[in-house]
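Q: Contents of protein11.pdb (PDB, C-alpha atoms) are given next:
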ATOM      1  CA  MET A 266       6.843  19.294  17.235
ATOM      2  CA  ILE A 267       6.529  20.513  13.647
ATOM      3  CA  LYS A 268       7.228  17.003  12.328
ATOM      4  CA  LYS A 269       4.441  15.602  14.494
ATOM      5  CA  MET A 270       2.049  18.264  13.242
ATOM      6  CA  ARG A 271       2.976  17.522   9.632
ATOM      7  CA  LYS A 272       2.441  13.822  10.234
ATOM      8  CA  LEU A 273      -0.967  14.441  11.826
ATOM      9  CA  ILE A 274      -1.994  16.733   8.972
ATOM     10  CA  TYR A 275      -0.784  14.166   6.430
ATOM     11  CA  ILE A 276      -2.763  11.375   8.106
ATOM     12  CA  PHE A 277      -5.848  13.620   8.324
ATOM     13  CA  ILE A 278      -5.617  14.462   4.621
ATOM     14  CA  LEU A 279      -5.154  10.790   3.753
ATOM     15  CA  ILE A 280      -8.153   9.739   5.840
ATOM     16  CA  SER A 281     -10.259  12.605   4.473
ATOM     17  CA  GLY A 282      -9.340  11.638   0.939
ATOM     18  CA  ILE A 283     -10.322   8.048   1.551
ATOM     19  CA  ALA A 284     -13.600   9.045   3.192
ATOM     20  CA  CYS A 285     -14.508  11.420   0.365
ATOM     21  CA  SER A 286     -13.704   8.899  -2.337
ATOM     22  CA  GLU A 287     -15.599   5.905  -0.950
ATOM     23  CA  GLY A 288     -17.617   5.565  -4.154
ATOM     24  CA  ALA A 289     -14.778   6.514  -6.476
ATOM     25  CA  GLN A 290     -12.589   3.907  -8.076
ATOM     26  CA  ILE A 291      -8.944   4.069  -7.019
ATOM     27  CA  SER A 292      -6.183   3.157  -9.483
ATOM     28  CA  HIS A 293      -3.843   0.222  -8.955
ATOM     29  CA  THR A 294      -0.906   2.560  -8.261
ATOM     30  CA  GLU A 295      -2.898   4.586  -5.727
ATOM     31  CA  THR A 296      -3.989   1.337  -4.053
ATOM     32  CA  ALA A 297      -0.356   0.222  -3.793
ATOM     33  CA  LYS A 298       0.515   3.574  -2.224
ATOM     34  CA  LEU A 299      -2.341   3.302   0.286
ATOM     35  CA  VAL A 300      -1.247  -0.205   1.285
ATOM     36  CA  ALA A 301       2.426   0.730   1.658
ATOM     37  CA  GLU A 302       1.624   3.828   3.713
ATOM     38  CA  SER A 303      -1.022   2.170   5.874
ATOM     39  CA  PHE A 304       1.411  -0.680   6.607
ATOM     40  CA  ILE A 305       4.156   1.745   7.647
ATOM     41  CA  HIS A 306       1.803   3.928   9.721
ATOM     42  CA  LYS A 307      -0.006   0.889  11.196
ATOM     43  CA  ASP A 308      -3.402   1.964   9.848
ATOM     44  CA  ASN A 309      -4.777  -1.571   9.808
ATOM     45  CA  SER A 310      -8.347  -0.653   8.830
ATOM     46  CA  THR A 311      -7.082   0.872   5.565
ATOM     47  CA  LEU A 312      -4.608  -1.979   5.141
ATOM     48  CA  GLU A 313      -7.405  -4.534   5.469
ATOM     49  CA  LYS A 314      -9.650  -2.659   3.025
ATOM     50  CA  TYR A 315      -7.085  -2.685   0.204
ATOM     51  CA  THR A 316      -5.600  -6.175   0.629
ATOM     52  CA  THR A 317      -6.942  -9.686   0.252
ATOM     53  CA  PRO A 318      -7.537 -11.519   3.557
ATOM     54  CA  GLN A 319      -4.445 -13.723   3.156
ATOM     55  CA  ARG A 320      -2.176 -10.785   2.278
ATOM     56  CA  TYR A 321      -3.591  -8.741   5.161
ATOM     57  CA  ARG A 322      -2.778 -11.509   7.661
ATOM     58  CA  SER A 323       0.771 -11.876   6.341
ATOM     59  CA  LEU A 324       1.433  -8.116   6.464
ATOM     60  CA  VAL A 325       0.018  -7.690   9.974
ATOM     61  CA  SER A 326       2.047 -10.655  11.257
ATOM     62  CA  VAL A 327       5.336  -8.886  10.424
ATOM     63  CA  GLN A 328       4.219  -5.273  10.834
ATOM     64  CA  ASP A 329       5.596  -4.646  14.338
ATOM     65  CA  MET A 330       8.965  -6.226  13.560
ATOM     66  CA  VAL A 331       9.440  -4.340  10.306
ATOM     67  CA  THR A 332       8.004  -0.903  11.067
ATOM     68  CA  SER A 333       9.332  -0.296  14.581
ATOM     69  CA  SER A 334      12.153   1.935  13.307
ATOM     70  CA  TYR A 335      10.112   3.742  10.625
ATOM     71  CA  SER A 336       9.109   7.359  11.037
ATOM     72  CA  GLY A 337       8.304  10.298   8.822
ATOM     73  CA  ASP A 338       7.077  10.503   5.256
ATOM     74  CA  THR A 339       7.172   7.392   3.070
ATOM     75  CA  ASN A 340       8.146   9.180  -0.171
ATOM     76  CA  PHE A 341       6.295   6.516  -2.162
ATOM     77  CA  LYS A 342       7.381   6.512  -5.818
ATOM     78  CA  VAL A 343       6.223   4.185  -8.565
ATOM     79  CA  VAL A 344       9.188   2.751 -10.450
ATOM     80  CA  ARG A 345       7.141   0.739 -12.926
ATOM     81  CA  ASP A 346       3.625  -0.613 -13.276
ATOM     82  CA  THR A 347       1.683  -2.795 -15.656
ATOM     83  CA  VAL A 348      -1.881  -4.084 -15.972
ATOM     84  CA  TYR A 349      -3.068  -7.339 -17.553
ATOM     85  CA  SER A 350      -6.868  -7.439 -17.468
ATOM     86  CA  ASP A 351      -7.779  -7.781 -13.759
ATOM     87  CA  THR A 352      -4.186  -8.219 -12.539
ATOM     88  CA  ALA A 353      -1.684  -5.415 -12.004
ATOM     89  CA  TRP A 354       1.906  -5.201 -10.803
ATOM     90  CA  VAL A 355       3.384  -2.110  -9.162
ATOM     91  CA  LYS A 356       7.102  -1.789  -8.463
ATOM     92  CA  PHE A 357       7.817   1.059  -6.055
ATOM     93  CA  THR A 358      10.295   2.592  -3.653
ATOM     94  CA  THR A 359       9.850   4.188  -0.253
ATOM     95  CA  SER A 360      12.210   6.095   1.973
ATOM     96  CA  HIS A 361      12.096   3.173   4.417
ATOM     97  CA  GLU A 362      13.551   0.456   2.166
ATOM     98  CA  GLN A 363      16.730   0.442   0.109
ATOM     99  CA  LYS A 364      15.483  -1.935  -2.594
ATOM    100  CA  PRO A 365      12.307  -1.472  -4.635
ATOM    101  CA  GLU A 366       9.360  -3.671  -3.700
ATOM    102  CA  THR A 367       6.668  -5.113  -5.950
ATOM    103  CA  PHE A 368       2.977  -5.596  -5.193
ATOM    104  CA  LYS A 369       0.673  -7.855  -7.170
ATOM    105  CA  LEU A 370      -2.877  -6.517  -7.288
ATOM    106  CA  ILE A 371      -6.118  -8.101  -8.409
ATOM    107  CA  LYS A 372      -9.353  -6.338  -9.269
ATOM    108  CA  LYS A 373     -12.228  -7.655  -7.172
ATOM    109  CA  ASP A 374     -15.690  -6.055  -7.346
ATOM    110  CA  ASP A 375     -14.223  -3.064  -9.254
ATOM    111  CA  GLN A 376     -11.658  -2.430  -6.513
ATOM    112  CA  TRP A 377      -7.919  -3.098  -6.669
ATOM    113  CA  LYS A 378      -6.508  -5.182  -3.805
ATOM    114  CA  VAL A 379      -2.938  -6.166  -3.032
ATOM    115  CA  THR A 380      -2.670  -9.949  -2.993
ATOM    116  CA  GLU A 381      -0.121 -12.705  -2.437
ATOM    117  CA  THR A 382       2.302 -13.622  -5.179
ATOM    118  CA  GLY A 383       2.170 -17.311  -6.057
ATOM    119  CA  LEU A 384       5.001 -19.600  -4.954
ATOM    120  CA  ARG A 385       6.654 -19.815  -8.384
ATOM    121  CA  GLU A 386       5.087 -16.684  -9.796
ATOM    122  CA  ARG A 387       7.348 -13.877 -10.959
ATOM    123  CA  SER A 388       6.588 -10.258 -11.561
ATOM    124  CA  PRO A 389       6.862  -9.030 -15.157
ATOM    125  CA  PHE A 390       9.730  -6.691 -14.214
TER     126      PHE A 390
END
Transcribe the structure of this file into structure tokens.
A:
Amino acid sequence: MIKKMRKLIYIFILISGIACSEGAQISHTETAKLVAESFIHKDNSTLEKYTTPQRYRSLVSVQDMVTSSYSGDTNFKVVRDTVYSDTAWVKFTTSHEQKPETFKLIKKDDQWKVTETGLRERSPF
């Protein structure tokens, strides 16, 4: 019961923070965190807002298969990040995956969005 209450409070705080910061610019690392957490918690409206259309479709297509066993806090931690002009890379860990993951982000209309990595493209890490 307490875990459910914590989760509800956490989601409320996250949604409140997003609602209050509509006009504020969110950093590339915060965007990566929002995408990872919204994917895990199946918050597809937030997921869609902070991803490109192609990346959103690919994440939603595997969401149910991947997240069915996930529960609790994500413990999102940035391992490494870098920015080159309007492109950023964020390597991070969560409590739900053993290996670190990497998101490529692009800045579109002054907002960071997680996007697809090109076929032969490699992260700088």
Q: What is the distance between CA of Asn309 in chain A and CA of Leu384 in chain A, in Å to one decimal?
A: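 Separation between CA of Asn309 in chain A and CA of Leu384 in chain A: 25.3 Å.
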Q: If you apply the PyMOL selection byres ((chain A and resi 313) around 10) to this file, what residues do you get, as a ChimeraX atom specification?
A: /A:300,303-304,308-312,314-322,324-325,378-379
Q: Selection from above, C-alpha atoms, as a compact mmCIF listing (two decimals), in the coordinates of the input, can you write it?
A:
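Generated file (selection-v8.txt):
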# COMPACT_ATOMS: atom_id res chain seq x y z
CA VAL A 300 -1.25 -0.20 1.28
CA SER A 303 -1.02 2.17 5.87
CA PHE A 304 1.41 -0.68 6.61
CA ASP A 308 -3.40 1.96 9.85
CA ASN A 309 -4.78 -1.57 9.81
CA SER A 310 -8.35 -0.65 8.83
CA THR A 311 -7.08 0.87 5.56
CA LEU A 312 -4.61 -1.98 5.14
CA LYS A 314 -9.65 -2.66 3.02
CA TYR A 315 -7.08 -2.68 0.20
CA THR A 316 -5.60 -6.18 0.63
CA THR A 317 -6.94 -9.69 0.25
CA PRO A 318 -7.54 -11.52 3.56
CA GLN A 319 -4.44 -13.72 3.16
CA ARG A 320 -2.18 -10.78 2.28
CA TYR A 321 -3.59 -8.74 5.16
CA ARG A 322 -2.78 -11.51 7.66
CA LEU A 324 1.43 -8.12 6.46
CA VAL A 325 0.02 -7.69 9.97
CA LYS A 378 -6.51 -5.18 -3.80
CA VAL A 379 -2.94 -6.17 -3.03
Q: Taking all atoms listed in the file into account, name the residue in A:Ala353, A:Ser360, A:Lys307, A:Asp338 that is nearest to Ser326 in chain A.
A: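 Distance minimum relative to Ser326 in chain A lands on A:Lys307.
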Q: In Å, with one decimal, what is the gap from CA of Asp351 in chain A to CA of His306 in chain A?
A: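 Result for CA of Asp351 in chain A versus CA of His306 in chain A: 27.9 Å, one decimal.
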Q: Given the choices A:Thr294, A:Ser388, A:Thr367, A:Thr359, which gets closest to Gly337 in chain A if the distance is worked out from all atoms listed in the file?
A: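 Ranking A:Thr294, A:Ser388, A:Thr367, A:Thr359 by distance to Gly337 in chain A, first place goes to A:Thr359.
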Q: Pick from A:Thr352, A:Ala297, A:Arg345, A:Val327: nearest to Lys373 in chain A, with all atoms listed in the file counted?
A: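 Answer, going by the shortest atom-to-atom distance: A:Thr352.
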Q: What does the distance between CA of Gly383 in chain A and CA of Ser334 in chain A come to in Å, to one decimal place?
A: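 The value is 29.1 Å.
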Q: Find, counting only C-alpha atoms, the residue in A:Thr347, A:Thr382, A:Gln376, A:Thr332 that gets nearest to Ala301 in chain A.
A: A:Thr332
Q: Using the chain letters and residue numbers of this document, give as an MDAnalysis selection string the residues selected by the PyMOL selection byres ((chain A and resi 390) around 12).
A: chainID A and resid 344:347 353:357 365:369 386:389
Q: Which of these, A:Ser350, A:Gln363, A:Gln328, A:Thr358, has the shortest distance to Asp375 in chain A once you count all atoms listed in the file?
A: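 With all atoms listed in the file as the atom set, the closest residue is A:Ser350.
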